[in-house]
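Heads up, the thing below is written out as structure tokens.
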Amino acid sequence: MTEYVLQTEDVAIHYGGVKAVDGVDLTLSKGQIRGLIGPNGSGKSTVIDAITGRRMLTRGKVVLRGEDVSEMGVVERRKRGLSRSFQRTSIFGQMLVGKQVELASHKMGVEDSYADTKAVLEELDLWKFAQVEAQDLGYGEQRRLDLALALVGRPSVLLLDEPMAGLSVKESLDLAQHLKQLTSSWDVSVLLVEHDMDVVFSISDVVTVFELGRVISTGEPAKVRSDPRVREAYLGSTA
Amino acid sequence: MLTINLFNGLVYGALLIIMCSGLALIYGLRRVVNFAHGSLYMMGAYLGYTIAFNSNFWVALVAAPAIMACLGVLLDRYGFRLLQDRDPLTVVLVTFGLLLVIEDMVQTIWGKSNLSVAAPQALAFSVDLAGTPVPAYRIGVIVVGFCVAVGLTLWLRYSKIGLFVRAASTDPVTTSMQGVNTDLLSAGVVGLGTALAGLAGVVAAPFLSLSPSMSADVIIDSFVVVVIGGLGSLAGAFIAAMLLGMVQAIGAVYLPDTAVLLPFVFMVFILIWKPSGFAGSRT
Amino acid sequence: MTFYRSLLVSIIALLLGLAVLNFVTSSTLLSLFTQAIIYAVFALGIGVLLKQNGMVSFGHALYFGSAGYLMGIMLQLQWASAETLIFYTLFIITLVGLLFGLIIVRVPGVAFGMLTLAIGQMFYLTASRARGFTGGADGMNIDWPSTLFGFSVSQILKPSVIFMISWTTLIIVIFLVSCLLRSRFGAITEAVRDNEERARFIGISTLLPRAAIYSLSALISGIAGVLSALNTGFVSPENLHWSLSGMTLMMVVVGGFKVLWGPALGAVVYFMFKDILGDYATHWMTIFGVVLIAVIVFSPTGIAGAIVGLMSGKPSVGNKPAQGH
């Protein structure tokens, strides 16, 4: 029985008559990159919210490295190595880039937060902006900062919510390669929600497809791509 | 003793209804907590004084609110509209600045001593209420308060503009997308709100004398009413206004020191437990 | 600004204070300065809350006035030496600030402002009516003993001395607070202010930092209250009234709260208006009101923000905080 680094068991989130997520079982192995795809409103982002504690579960549980974290708040889960980035860029506008990333690193308990910050910022090509206020950065740079805040402190599980949103094709592919490199060299396990098919299929080890709050297909990219249910629901005939 | 106090409580409650409906309307449409509302009330009162002095009370009753309405439209057009994309606290601070300006202007023009306005001849008699004589004028105030409450409720519920106002208060973006000119609407509603403040001032003048402190006296009570009633809710404001008037009246007789704290205690509880009416931001 | 530059600027500021004493001999002018400085400390308290938490309080006069009342009442009861009582007062103010803070900082936006208004008014009303304790609406005298910290109080109350004491207090408070805000704690509160949700997602529990800043702002306002109690020897319910909080808030906004010394500058501007303009124009308040509105609309970062913006060549309008002390 493989030790999963992250597992959701029959997770459901219902609110106001809407079943945003309705019985989802996910697994994530150490060092694995799992892509989550599906049409808008299929529940992918809500699953991330559930796993990170941003939303309360209607049903089911979330297990992080063997520990049931379903009742824990956002801060407690973060301290256990669960980290996320945001679809709508969420950074500290009036703080200096370096200062906020270093703060995030420090809060994760990293001994040498300066070194950790430098490493992450260099990887994401943001080190030159360390003394710049976050709100003065361009859109793409701010997206990378959002990512940096999630990457710093060596999280064990990284949840990325549409990290490529709003980026150009080239920027997206660059970022995707960066992520692949980083996560493999640091042995981070990744759950990646993305719309960009090329990105997802190029870097994911496994892919899970959502529709209407449920999983309709899961497995290796090639297999998922050719799954007729997936084609029908999402990819159309031009997979 | 109790009767006259209860009656006065009713009168004060009616006055608060007139004033606070203006405050609630302005908040509902512009999401602004208008700190200057008390000084607008004061301005209405003083304007009413001068107009009544030169003609009569009834003219003042119409003219002063009309002038205040124009001021309100200007306030919305050149104040609230231009600042609507700023942090809501910014606008609140601007209204505080406005309060300072208005208060100072009023003192400069009319001086610092207390002024009095006589009740109109037509109402200058007493009516017997359960053995106690009460001035007919004050009954008139209660009637006005009642008319304002009923009138506004009916207008909002059944008129087309009332519908637009309710829509714009809930969701200004969608409402304007539906073709409603929300800027014009806001100017109108803010004008109405300031007119109501002015009306309250004119109405209050014969039984509360005019003094430079009258705006401060009434603004806190207004905030208490509007918060307890649920900011932006007219019906809530009406009920809370009456309650406040009553509590103060009864309290003044039996428990003067604690009664005066009660409204604040309620306000504190409501703000801690349900500040959602105050989020200040539009969805 | 680094620690050493901060220290240098503070020492220069202290020397400037001495220089003022050298050139200004009129005791009325010195008294005016002292008043301005005491309000500068009060404004600093409100400003810290606005700067680090992004929260506007209309009720900080609560701490300003209560400090005076606490001193007055405890001195009357003769519980301990005046020196000890000063520490007790400040300790109580800080503790009350923390307790209130833990409850009320959870309330968002304008609701927070209204809440501070309500709480402040409750204290005002209580003080106005509790004749037995507080002397009621007439206020109460504060019976300072004849010596304080070894110095004779009549010496201390000489215009030049009390001026220097107030000035030194202001400079020291600014210096200490700037050191605090440069620390990890300062970074945490900035993060919570900028983006509370993301702060939680990077592992920061957000209630305690905000409550701590609120408590600090209460303490600073309390320090101003103690200075005022010393300066005037008197405290009245007016020191608790919301209009006092409001006025001081105006000083904070005009001065600019993104920089630590902005509110102090605002207080000075206010008193200048009051005194200088007051001689020529009886409606100096109208002018101040107009200035306030103009500042809010055109230079939201206040006069201090405009100054700093000019010096660093960046435009002053907008959300660009300057590098504070």
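To be explicit about the labels: the chains of the structure tokens are called A, B, and onward in the order shown, and within each one the residues are counted from 1, while ligands get numbers from 1 in the order they are shown.
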- Task: Pull out every residue of chain C sitting within 9 Å of chain B, counting only C-alpha atoms, and send them as an MDAnalysis selection string.
- Result: chainID C and resid 56 103:104 106:119 121:122 125:126 129:130 243 246 249:250 253 282:294 296:297 300
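Using only C-alpha atoms, the chain C residues found within 9 Å of chain A amount to Arg184, Ala187, Ile188, Glu190, Ala191, Val192, Arg193, Asp194, Asn195, Glu197, Arg198, Ala199, Arg200, Phe201, Ile202, Gly203, Ile204, Ser205, Asn319, Lys320 and Pro321 of chain C.
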Residue selection dump (C-alpha atoms) as a PDB file, in the first residue's frame:
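Here's the written file out-v8.pdb:
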ATOM      1  CA  ARG C 184       9.526  40.790  12.201  1.00  0.00           C
ATOM      2  CA  ALA C 187       6.400  42.758   8.713  1.00  0.00           C
ATOM      3  CA  ILE C 188       3.697  40.439  10.025  1.00  0.00           C
ATOM      4  CA  GLU C 190       1.939  44.764   7.263  1.00  0.00           C
ATOM      5  CA  ALA C 191       1.182  41.448   5.629  1.00  0.00           C
ATOM      6  CA  VAL C 192      -2.039  41.100   7.606  1.00  0.00           C
ATOM      7  CA  ARG C 193      -2.993  44.626   6.639  1.00  0.00           C
ATOM      8  CA  ASP C 194      -2.289  44.169   2.940  1.00  0.00           C
ATOM      9  CA  ASN C 195      -3.906  40.812   2.424  1.00  0.00           C
ATOM     10  CA  GLU C 197      -6.334  35.933   3.589  1.00  0.00           C
ATOM     11  CA  ARG C 198      -2.942  35.387   2.014  1.00  0.00           C
ATOM     12  CA  ALA C 199      -1.341  36.108   5.371  1.00  0.00           C
ATOM     13  CA  ARG C 200      -3.172  33.084   6.758  1.00  0.00           C
ATOM     14  CA  PHE C 201      -2.091  31.065   3.791  1.00  0.00           C
ATOM     15  CA  ILE C 202       1.533  31.782   4.561  1.00  0.00           C
ATOM     16  CA  GLY C 203       1.028  30.704   8.128  1.00  0.00           C
ATOM     17  CA  ILE C 204       0.202  33.883  10.063  1.00  0.00           C
ATOM     18  CA  SER C 205      -2.546  33.812  12.670  1.00  0.00           C
ATOM     19  CA  ASN C 319      -1.099  54.049  -2.784  1.00  0.00           C
ATOM     20  CA  LYS C 320       2.613  54.516  -2.611  1.00  0.00           C
ATOM     21  CA  PRO C 321       3.756  54.374   0.971  1.00  0.00           C
TER      22      PRO C 321
END
Next item on the list: From the DSSP assignment of the backbone, select every residue of segment 26-258 of chain B that is strand (DSSP E or B), and format the answer as a VMD selection string.
Entry: chain B and resid 115 126 to 129 132 to 135 210
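The spacing separating atom CA of Ser42 of chain A from atom CA of Leu159 of chain A amounts to 17.0 Å.
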Near-Gly245 of chain B list (9 Å; only C-alpha atoms; drop same-chain fewer than 3 positions) as a count of residues only: 15
### Task
Determine which residues of segment 21-234 of chain C DSSP labels as helix (DSSP H, G or I) from the backbone of this structure, then write them out as a ChimeraX atom specification.
/C:21-23,27-53,61-77,82-104,109-129,131-134,136-138,153-156,159-182,184-194,196-201,207-232
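Atom CA of Pro209 of chain C lies 23.7 Å from atom CA of Leu170 of chain C.
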